[in-house]
Number of protein chains: 2
Amino acid sequence: MPLKNMRIALAQINLTVGDLSGNCQKIISYIQKARARGADIIAFPELALTGYPPEDLLLKHQFVRDNIHTLNRVKEASTGIITIAGFVDKNKGIYNAAAVISDGHLVDIYHKMNLPNYGVFDEHRYFQAGRRVPVYTVNGVCFGVNVCEDIWLDRGPAKLQALAGAGLIVNINASPFHMGKMSFREQLVQGRAGNYGAALAYVNLIGGQDELVFDGGSLIVDKSGQIVARAGRFSEEMIIADVEVGSCHKRITAGRKKKLDSLLKEGDFVEEVKIQAERSRQKKKALRRRMARKMSPSEEVYKALILGTGDYVLKNGFTEVLIGMSGGIDSALVTTIAVDALGKESVHGLFMPSLYTSEESRDDAAAQARNLGISMHTLSVDPIFNAYLKTLKDSFKGRKTDITEENLQARIRGNILMAFSNKFGWLVLTTGNKSEMSVGYATLYGDMAGGFAVIKDVPKTLVYDLCRWRNKKAGYDLIPESILQKEPTAELRPDQKDTDSLPPYPVLDPVLKAYVEDDLSYDEIEEMGCDIDCTKRVIAMIDRSEYKRRQAPPGVKITPRAFGRDRRFPITNKYRNY
Amino acid sequence: MPLKNMRIALAQINLTVGDLSGNCQKIISYIQKARARGADIIAFPELALTGYPPEDLLLKHQFVRDNIHTLNRVKEASTGIITIAGFVDKNKGIYNAAAVISDGHLVDIYHKMNLPNYGVFDEHRYFQAGRRVPVYTVNGVCFGVNVCEDIWLDRGPAKLQALAGAGLIVNINASPFHMGKMSFREQLVQGRAGNYGAALAYVNLIGGQDELVFDGGSLIVDKSGQIVARAGRFSEEMIIADVEVGSCHKRITAGRKKKLDSLLKEGDFVEEVKIQAERSRQKKKALRRRMARKMSPSEEVYKALILGTGDYVLKNGFTEVLIGMSGGIDSALVTTIAVDALGKESVHGLFMPSLYTSEESRDDAAAQARNLGISMHTLSVDPIFNAYLKTLKDSFKGRKTDITEENLQARIRGNILMAFSNKFGWLVLTTGNKSEMSVGYATLYGDMAGGFAVIKDVPKTLVYDLCRWRNKKAGYDLIPESILQKEPTAELRPDQKDTDSLPPYPVLDPVLKAYVEDDLSYDEIEEMGCDIDCTKRVIAMIDRSEYKRRQAPPGVKITPRAFGRDRRFPITNKYRNY
């Protein structure tokens with residue numbers, strides 16, 4: 001009697017780039033868990049063995065060989081279950097591949113057909129594209145396997161596999177987070193399943209890797225497009241569900257066959273692979289339905305920042321962090337995120353007042369540290385600042401005080417933070433937000449000095465939203481209301497306000513989004529109703545600050561386009577369209 | 001009477017990314033020069049209108065529209081001559097294209113077929129690949145046009161065009177420099193011409209663009225593979241030569257036709273385009289043969305550094321630079337390059353001794369400044385250093401002096417340099433070499449602080465070669481022999497030597513090349529005969545320093561693999577193959 005149902009497990013796990021052995025061990029432990037729960041299939045994320053994205057490690061032949069060698073251990077552990085796991089295959093070129101392993105045998109290797117080469121992705125730099133569309137038959141049912149981008153194209157391999165008889169499509173992913181992407185993904189997966197008339201199992205990675213956060217949100221959807229299991233976000237878990245797959249031969253009608261032939265691109269071909277698998281016919285224990293709740297935009301961003309920051313710190317061998325606290329909202333948010341990510345014992349604050357620092361800032365920073373239960377050390381920068389001024393006095397004779405002296409203060413703070421970092425082994429977290437990064441309202445080697453820029457992709461207006469969300473969750477003003485209420489200032493000269501140099505953030509942020517994320521032109525931004533002079537000035541500031549961003553530390557991508565690998569802009573650039 | 005010869009001009013010019021209007025003006029001025037010298041054809045580099053590489057400017061629709069609009073001005077100026085110029089074409093997607101303009105009419109647009117997506121290149125990120133192989137017939141002769149990478153593939157469009165009757169192939173390039181690449185290019189171009197039995201005109205860009213230097217070396221080669229004109233390197237010039245092209249119909253034999261059909265890939269096709277051009281039959285004035293001499297490796301690298309540095313400074317709107325002079329060889333070389341690039345009046349030296357600075361360093365720095373005729377200012381860092389130590393005293397109580405205090409000194413120097421930069425508008429040039437960048441023997445925000453890292457891709461052993469080459473050219477010890485002779489030291493603690501922390505550079509540099517540029521594994525490097533412990537230690541240092549390099553300023557690429565866009569390595573990376 002053919003099985004018409006399959007029990008599928010998806011392992012949404014946190015893997016580390018380059019950690020072949022650690023990743024392999026984790027994979028094996030989840031194979032055991034899935035087998036114990038009676039799963040017929042367990043699927044792991046894209047490039048699970050190597051971690052994602054391995055970037056130029058892929059150019060090292062030894063790395064590719066080692067990854068293939070490590071796959072053998074996964075193979076040996078896959079008894080009594082079908083394991084699907086991402087790895088790098090080699091055959092002349094290299095491929096972003098999925099191993100299909102059954103009862104200790106590598107029965108097939110699928111090669112990703114659609115290689116993304118936009119945004120943060122560089123897959124054409126490394127991989128050859130697959131041309132073969134396999135479908136697997138086992139005990140009378142039929143399923144297909146493909147990788148990430150493969151499912152984003154409507155007429156891609158997933159559709160071809162469904163037409164060739166697959167009643168279940170397993171799509172393995174390493175899909176980085178940005179705000180709002182999850183609901184888009186969910187619609188896509190549901191739509192594809194309904195359209196193809198096949199169940200769909202979507203497994204995603206979780207974890208932070210340099211600028212990227214993988215948010216999980218794995219899904220199992222039945223052939224009508226209904227979600228039967230939804231994993232949580234930003235945390236490791238395995239979801240498991242029974243899905244109706246239907247017997248293979250019933251699914252292949254003449255109409256489907258004809259359609260399949262018409263869709264196959266020149267050079268691509270379908271191949272059926274038979275999998276021998278002895279399975280017990282025992283009735284399996286029923287499963288409890290897992291249906292994680294959805295998150296609000298503020299919640300998902302906040303959790304992405306926690307995961308991205310925590311993983312950067314820990315995966316790079318640090319345990320403690322240091323933050324320059326100014327009494328302002330940016331450092332208040334970053335400190336709160338750090339405590340949520342690492343625990344209060346691992347977070348150190350340093351308050352570095354100057355003669356321009358207000359009493360209010362001092363009180364606010366102290367209140368923030370108190371609320372979080374962290375230690376905060378205070379060191380005045382004035383003696384050092386005066387030493388600089390004295391040393392530079394003759395050289396700068398006759399010159400007015402200007403941005404030089406402002407930057408010096410910021411750089412003294414940067415140096416003190418780095419001295420603590422060197423002396424105690426703490427990683428410095430910087431506190432600049434995306435609005436500042438965009439227009440260059442930040443001092444290179446000053447407040448930009450540090451190992452990880454937690455909120456560099458968070459626009460200032462969203463900084464406020466995140467603080468309010470966190471306070472609401474805390475049930476009290478964890479981040480003091482006075483910090484949320486006061487006007488933003490860098491306090492580098494008397495009575496300085498951000499608005500001396502910049503438009504108010506609610507005016508600035510939409511222009512930044514339009515120019516940086518949406519690539520709109522000056523004319524198009526003007527049409528949005530933005531002030532003309534302001535828009536011109538803002539665009540010029542963005543273009544002119546590229547050199548600063550090039551020397552900025554990495555930070556978590558949370559928008560559709562972050563700075564870094566995501567936006568590759570020339571520094572030397574005379575294009576002006578305003 | 002059909003023309004059997006064509007007079008071809010190649011404009012090897014310095015263009016600027018984004019400067020549509022400036023690039024267009026320069027193109028038009030060269031069209032006029034070529035016409036005045038009786039050229040039938042003038043060819044400009046790849047993406048001449050936009051400059052190369054425009055990177056994510058290409059994602060801005062307005063930029064693409066503006067470039068197409070600007071092409072109209074080139075079209076109007078192209079009377080009495082055939083102009084071939086690179087631009088971005090748009091037709092659903094965008095294409096890396098060559099406009100073929102005759103007598104004011106845009107007669108055809110060629111789309112680059114082979115898009116490089118390795119090394120520094122990201123062309124799949126932006127462009128669609130062309131599928132059409134045009135050949136142009138004019139006055140009974142036939143030629144083909146293609147773009148850069150197209151000629152590196154033996155069975156690519158150049159071969160197809162030759163088989164389809166082209167007696168001249170015009171290949172337009174934006175080919176970045178690395179040491180030794182020119183002789184490889186020259187062999188390639190000569191080999192292709194001889195193989196295809198067609199004359200070949202290879203035009204390359206010159207100029208610096210962020211990390212890249214385009215070195216020119218344009219060539220005109222006859223159908224036997226003999227060079228008939230060779231442009232200089234690193235400088236703007238037009239070369240012009242008469243080449244035998246042969247009448248079109250004589251070139252297309254049955255054998256060629258058959259071969260052509262067998263080589264055409266599915267979906268690609270050949271198309272003949274007729275160009276109407278009225279040309280005078282007057283006897284043209286004979287041309288003087290231009291045959292630039294070849295350069296030694298040291299000379300070509302040195303000239304690349306001059307051009308790359310000068311263009312970065314000037315194209316970004318600076319006129320003067322500032323260099324921290326230590327009395328060591330790296331800053332001596334960088335200062336000399338800066339003077340060669342910008343003139344001595346534009347270069348400022350700053351000597352910043354500490355209690356660890358030797359008299360010898362002071363004398364050497366002063367001698368270097370004197371030899372170059374530049375001003376050198378001296379400021380002791382000790383008072384500021386003491387102010388830091390005093391401020392940090394309580395916090396660091398009970399802790400030993402360590403790298404913290406060394407880094408502080410370097411960072412004070414960085415801050416002072418940046419203060420001068422802010423106050424006077426001078427760009428800071430950093431002085432670190434590739435050996436230091438590789439192993440992280442440099443202080444972030446200290447000696448790494450600055451706008452442009454002139455020799456960041458120059459291994460220390462090559463630093464010596466470049467100094468000796470420059471001294472030989474000067475005819476005396478422009479860079480004092482004492483600087484070349486003394487042992488390298490950072491002078492950040494008593495009696496410090498580089499060899500306290502690192503293997504000697506002649507031992508270190510081959511390991512760095514093997515690991516960074518050649519991607520060899522630990523085992524393979526060991527087989528080269530390198531010391532085992534040393535190799536392990538060096539590889540670990542390289543991997544661990546990725547976070548520093550990510551915050552380094554850009555600098556000139558002179559090796560096959562530089563840091564920056566050229567090597568995309570994860571910071572978070574647990575791969576260890578030793």
# chains A, B, ... in the order shown; residues from 1 in each chain; ligands from 1

call {"tool": "residues_around", "arguments": {"residues": "segment 330-346 of chain B", "least_positions_apart": "6", "cutoff": "6 Å", "atoms": "only C-alpha atoms", "output": "PDB file with C-alpha atoms, in the first residue's frame"}}
result
ATOM      1  CA  ILE B 306      51.056  57.706  -8.919  1.00  0.00           C
ATOM      2  CA  GLY B 310      46.622  61.496  -8.010  1.00  0.00           C
ATOM      3  CA  GLU B 320      46.602  68.832  -1.052  1.00  0.00           C
ATOM      4  CA  ILE B 374      58.273  69.465   1.118  1.00  0.00           C
ATOM      5  CA  THR B 431      51.199  54.437   4.722  1.00  0.00           C
TER       6      THR B 431
END

call {"tool": "select_by_dssp", "arguments": {"residues": "segment 34-150 of chain A", "states": "strand (DSSP E)", "output": "ChimeraX atom specification"}}
result
/A:41-43,82-91,93-102,105-111,132-138,141-147

call {"tool": "select_by_dssp", "arguments": {"residues": "segment 185-433 of chain B", "states": "alpha helix (DSSP H)", "output": "count of residues only"}}
result
106

call {"tool": "closest_residue", "arguments": {"among": "A:His105, A:Lys250, A:Arg293, A:His178", "to": "Gln276 of chain A", "atoms": "only C-alpha atoms"}}
result
A:His105

call {"tool": "residues_around", "arguments": {"residues": "Val203 of chain B", "least_positions_apart": "3", "cutoff": "9 Å", "atoms": "only C-alpha atoms", "output": "list in words"}}
result
Leu10, Ala11, Gln12, Ala43, Phe44, Pro45, Glu46, Val170, Asn171, Ile172, Asn173, Ala174, Gly216, Gly217, Ser218, Leu219 and Ile220 of chain B

call {"tool": "residues_around", "arguments": {"residues": "segment 129-140 of chain B", "least_positions_apart": "4", "cutoff": "9 Å", "atoms": "only C-alpha atoms", "output": "PyMOL selection string"}}
result
chain B and resi 1-4+94-97+108-115+124+144-146+157-158+160-162+164-166+246-249+265+267-279

call {"tool": "closest_residue", "arguments": {"among": "B:Asp364, B:Asp56, B:Asp543, B:Asp495", "to": "chain A", "atoms": "only C-alpha atoms"}}
result
B:Asp56

call {"tool": "closest_residue", "arguments": {"among": "A:His61, A:Lys390, A:Lys423, A:Lys181", "to": "Asp402 of chain B", "atoms": "only C-alpha atoms"}}
result
A:Lys423

call {"tool": "closest_residue", "arguments": {"among": "B:Tyr515, B:Tyr356, B:Phe214, B:Phe177", "to": "chain A", "atoms": "only C-alpha atoms"}}
result
B:Tyr515

call {"tool": "atom_distance", "arguments": {"atom1": "atom CA of Ile31 of chain B", "atom2": "atom CA of Ile240 of chain B"}}
result
12.2 Å

call {"tool": "closest_residue", "arguments": {"among": "A:Arg399, A:Arg289, A:Arg35, A:Lys486", "to": "chain B", "atoms": "only C-alpha atoms"}}
result
A:Arg399

call {"tool": "residues_around", "arguments": {"residues": "Arg125 of chain A", "least_positions_apart": "2", "cutoff": "6 Å", "atoms": "only C-alpha atoms", "output": "PyMOL selection string"}}
result
(chain A and resi 122-123) or (chain B and resi 117-118)

call {"tool": "residues_around", "arguments": {"residues": "Leu392 of chain B", "least_positions_apart": "6", "cutoff": "9 Å", "atoms": "only C-alpha atoms", "output": "PyMOL selection string"}}
result
chain A and resi 379+416+419-420

call {"tool": "residues_around", "arguments": {"residues": "Arg288 of chain A", "least_positions_apart": "6", "cutoff": "12 Å", "atoms": "only C-alpha atoms", "output": "list in words"}}
result
Arg37, Val228, Ala229, Ile239, Ile240, Ala241 and Asp242 of chain A

call {"tool": "closest_residue", "arguments": {"among": "B:Asp154, B:Asp210, B:Asp509, B:Glu186", "to": "chain A", "atoms": "only C-alpha atoms"}}
result
B:Asp210

call {"tool": "decode", "arguments": {"residues": "segment 272-391 of chain B", "atoms": "C-alpha atoms", "output": "PDB file, in the first residue's frame"}}
result
ATOM      1  CA  GLU B 272      25.240  42.079 -41.076  1.00  0.00           C
ATOM      2  CA  VAL B 273      24.740  45.826 -40.762  1.00  0.00           C
ATOM      3  CA  LYS B 274      25.509  48.077 -43.736  1.00  0.00           C
ATOM      4  CA  ILE B 275      26.957  51.463 -42.967  1.00  0.00           C
ATOM      5  CA  GLN B 276      26.537  54.208 -45.539  1.00  0.00           C
ATOM      6  CA  ALA B 277      29.553  56.462 -45.333  1.00  0.00           C
ATOM      7  CA  GLU B 278      30.823  58.947 -47.863  1.00  0.00           C
ATOM      8  CA  ARG B 279      34.556  59.165 -47.580  1.00  0.00           C
ATOM      9  CA  SER B 280      36.958  61.241 -49.579  1.00  0.00           C
ATOM     10  CA  ARG B 281      39.314  59.177 -51.680  1.00  0.00           C
ATOM     11  CA  GLN B 282      42.127  61.666 -51.126  1.00  0.00           C
ATOM     12  CA  LYS B 283      45.485  60.242 -50.317  1.00  0.00           C
ATOM     13  CA  LYS B 284      45.963  60.611 -46.614  1.00  0.00           C
ATOM     14  CA  LYS B 285      49.033  62.019 -44.944  1.00  0.00           C
ATOM     15  CA  ALA B 286      51.297  59.202 -43.750  1.00  0.00           C
ATOM     16  CA  LEU B 287      51.333  58.468 -40.042  1.00  0.00           C
ATOM     17  CA  ARG B 288      54.280  58.336 -37.732  1.00  0.00           C
ATOM     18  CA  ARG B 289      54.501  54.967 -36.096  1.00  0.00           C
ATOM     19  CA  ARG B 290      53.857  55.037 -32.340  1.00  0.00           C
ATOM     20  CA  MET B 291      55.472  52.203 -30.404  1.00  0.00           C
ATOM     21  CA  ALA B 292      55.677  52.895 -26.674  1.00  0.00           C
ATOM     22  CA  ARG B 293      58.406  51.045 -24.830  1.00  0.00           C
ATOM     23  CA  LYS B 294      57.633  48.347 -22.287  1.00  0.00           C
ATOM     24  CA  MET B 295      57.959  48.902 -18.549  1.00  0.00           C
ATOM     25  CA  SER B 296      59.655  46.891 -15.824  1.00  0.00           C
ATOM     26  CA  PRO B 297      57.441  45.518 -13.028  1.00  0.00           C
ATOM     27  CA  SER B 298      58.686  48.156 -10.572  1.00  0.00           C
ATOM     28  CA  GLU B 299      58.117  50.959 -13.038  1.00  0.00           C
ATOM     29  CA  GLU B 300      54.589  49.911 -13.918  1.00  0.00           C
ATOM     30  CA  VAL B 301      53.612  49.492 -10.260  1.00  0.00           C
ATOM     31  CA  TYR B 302      55.138  52.822  -9.313  1.00  0.00           C
ATOM     32  CA  LYS B 303      53.300  54.577 -12.141  1.00  0.00           C
ATOM     33  CA  ALA B 304      50.048  52.863 -11.214  1.00  0.00           C
ATOM     34  CA  LEU B 305      50.427  54.167  -7.671  1.00  0.00           C
ATOM     35  CA  ILE B 306      51.056  57.706  -8.919  1.00  0.00           C
ATOM     36  CA  LEU B 307      48.058  57.671 -11.225  1.00  0.00           C
ATOM     37  CA  GLY B 308      45.744  55.968  -8.728  1.00  0.00           C
ATOM     38  CA  THR B 309      46.690  58.335  -5.924  1.00  0.00           C
ATOM     39  CA  GLY B 310      46.622  61.496  -8.010  1.00  0.00           C
ATOM     40  CA  ASP B 311      43.235  60.653  -9.508  1.00  0.00           C
ATOM     41  CA  TYR B 312      41.694  59.727  -6.160  1.00  0.00           C
ATOM     42  CA  VAL B 313      42.806  63.026  -4.667  1.00  0.00           C
ATOM     43  CA  LEU B 314      41.868  65.264  -7.570  1.00  0.00           C
ATOM     44  CA  LYS B 315      38.681  63.551  -8.747  1.00  0.00           C
ATOM     45  CA  ASN B 316      37.371  63.781  -5.180  1.00  0.00           C
ATOM     46  CA  GLY B 317      37.941  67.503  -5.082  1.00  0.00           C
ATOM     47  CA  PHE B 318      41.094  67.649  -2.967  1.00  0.00           C
ATOM     48  CA  THR B 319      44.275  69.420  -3.994  1.00  0.00           C
ATOM     49  CA  GLU B 320      46.602  68.832  -1.052  1.00  0.00           C
ATOM     50  CA  VAL B 321      47.541  65.816   1.020  1.00  0.00           C
ATOM     51  CA  LEU B 322      49.010  65.145   4.443  1.00  0.00           C
ATOM     52  CA  ILE B 323      51.221  62.227   5.438  1.00  0.00           C
ATOM     53  CA  GLY B 324      52.394  61.081   8.850  1.00  0.00           C
ATOM     54  CA  MET B 325      56.139  60.624   8.348  1.00  0.00           C
ATOM     55  CA  SER B 326      57.823  58.220  10.745  1.00  0.00           C
ATOM     56  CA  GLY B 327      61.292  58.032   9.260  1.00  0.00           C
ATOM     57  CA  GLY B 328      60.438  54.528   8.055  1.00  0.00           C
ATOM     58  CA  ILE B 329      60.400  53.176   4.535  1.00  0.00           C
ATOM     59  CA  ASP B 330      56.621  52.999   4.051  1.00  0.00           C
ATOM     60  CA  SER B 331      55.977  56.665   4.736  1.00  0.00           C
ATOM     61  CA  ALA B 332      59.089  57.569   2.740  1.00  0.00           C
ATOM     62  CA  LEU B 333      57.702  55.765  -0.298  1.00  0.00           C
ATOM     63  CA  VAL B 334      54.189  57.144   0.087  1.00  0.00           C
ATOM     64  CA  THR B 335      55.486  60.696   0.413  1.00  0.00           C
ATOM     65  CA  THR B 336      57.622  60.275  -2.684  1.00  0.00           C
ATOM     66  CA  ILE B 337      54.665  58.904  -4.653  1.00  0.00           C
ATOM     67  CA  ALA B 338      52.501  61.790  -3.464  1.00  0.00           C
ATOM     68  CA  VAL B 339      55.075  64.341  -4.601  1.00  0.00           C
ATOM     69  CA  ASP B 340      55.364  62.616  -7.967  1.00  0.00           C
ATOM     70  CA  ALA B 341      51.572  62.609  -8.291  1.00  0.00           C
ATOM     71  CA  LEU B 342      50.711  66.083  -7.031  1.00  0.00           C
ATOM     72  CA  GLY B 343      53.872  68.186  -6.852  1.00  0.00           C
ATOM     73  CA  LYS B 344      55.807  69.132  -3.748  1.00  0.00           C
ATOM     74  CA  GLU B 345      53.706  72.183  -2.928  1.00  0.00           C
ATOM     75  CA  SER B 346      50.657  69.949  -2.481  1.00  0.00           C
ATOM     76  CA  VAL B 347      52.244  67.527  -0.031  1.00  0.00           C
ATOM     77  CA  HIS B 348      52.570  68.129   3.719  1.00  0.00           C
ATOM     78  CA  GLY B 349      54.511  65.965   6.133  1.00  0.00           C
ATOM     79  CA  LEU B 350      53.866  65.627   9.829  1.00  0.00           C
ATOM     80  CA  PHE B 351      56.442  64.014  12.101  1.00  0.00           C
ATOM     81  CA  MET B 352      54.965  62.990  15.465  1.00  0.00           C
ATOM     82  CA  PRO B 353      57.639  61.600  17.751  1.00  0.00           C
ATOM     83  CA  SER B 354      57.087  59.962  21.121  1.00  0.00           C
ATOM     84  CA  LEU B 355      59.509  58.929  23.822  1.00  0.00           C
ATOM     85  CA  TYR B 356      60.117  55.734  21.820  1.00  0.00           C
ATOM     86  CA  THR B 357      61.121  57.562  18.644  1.00  0.00           C
ATOM     87  CA  SER B 358      64.821  57.306  17.830  1.00  0.00           C
ATOM     88  CA  GLU B 359      67.076  60.155  16.741  1.00  0.00           C
ATOM     89  CA  GLU B 360      67.697  58.157  13.595  1.00  0.00           C
ATOM     90  CA  SER B 361      63.995  58.233  12.700  1.00  0.00           C
ATOM     91  CA  ARG B 362      63.904  61.972  13.214  1.00  0.00           C
ATOM     92  CA  ASP B 363      66.936  62.468  10.965  1.00  0.00           C
ATOM     93  CA  ASP B 364      65.613  60.130   8.302  1.00  0.00           C
ATOM     94  CA  ALA B 365      62.190  61.771   8.173  1.00  0.00           C
ATOM     95  CA  ALA B 366      63.821  65.198   7.944  1.00  0.00           C
ATOM     96  CA  ALA B 367      66.199  64.035   5.204  1.00  0.00           C
ATOM     97  CA  GLN B 368      63.299  62.580   3.250  1.00  0.00           C
ATOM     98  CA  ALA B 369      61.327  65.818   3.482  1.00  0.00           C
ATOM     99  CA  ARG B 370      64.397  67.823   2.491  1.00  0.00           C
ATOM    100  CA  ASN B 371      65.108  65.595  -0.503  1.00  0.00           C
ATOM    101  CA  LEU B 372      61.528  65.977  -1.704  1.00  0.00           C
ATOM    102  CA  GLY B 373      61.442  69.687  -0.971  1.00  0.00           C
ATOM    103  CA  ILE B 374      58.273  69.465   1.118  1.00  0.00           C
ATOM    104  CA  SER B 375      57.399  71.111   4.408  1.00  0.00           C
ATOM    105  CA  MET B 376      57.487  68.844   7.441  1.00  0.00           C
ATOM    106  CA  HIS B 377      55.947  69.891  10.706  1.00  0.00           C
ATOM    107  CA  THR B 378      56.888  68.225  14.017  1.00  0.00           C
ATOM    108  CA  LEU B 379      54.507  67.658  16.936  1.00  0.00           C
ATOM    109  CA  SER B 380      55.293  65.441  19.903  1.00  0.00           C
ATOM    110  CA  VAL B 381      52.501  63.100  20.955  1.00  0.00           C
ATOM    111  CA  ASP B 382      53.804  62.740  24.512  1.00  0.00           C
ATOM    112  CA  PRO B 383      51.723  65.442  26.273  1.00  0.00           C
ATOM    113  CA  ILE B 384      48.521  64.010  24.792  1.00  0.00           C
ATOM    114  CA  PHE B 385      49.657  60.451  25.497  1.00  0.00           C
ATOM    115  CA  ASN B 386      50.253  61.414  29.115  1.00  0.00           C
ATOM    116  CA  ALA B 387      46.814  62.997  29.340  1.00  0.00           C
ATOM    117  CA  TYR B 388      45.269  59.710  28.153  1.00  0.00           C
ATOM    118  CA  LEU B 389      47.327  57.686  30.629  1.00  0.00           C
ATOM    119  CA  LYS B 390      46.254  59.972  33.461  1.00  0.00           C
ATOM    120  CA  THR B 391      42.584  59.782  32.490  1.00  0.00           C
TER     121      THR B 391
END
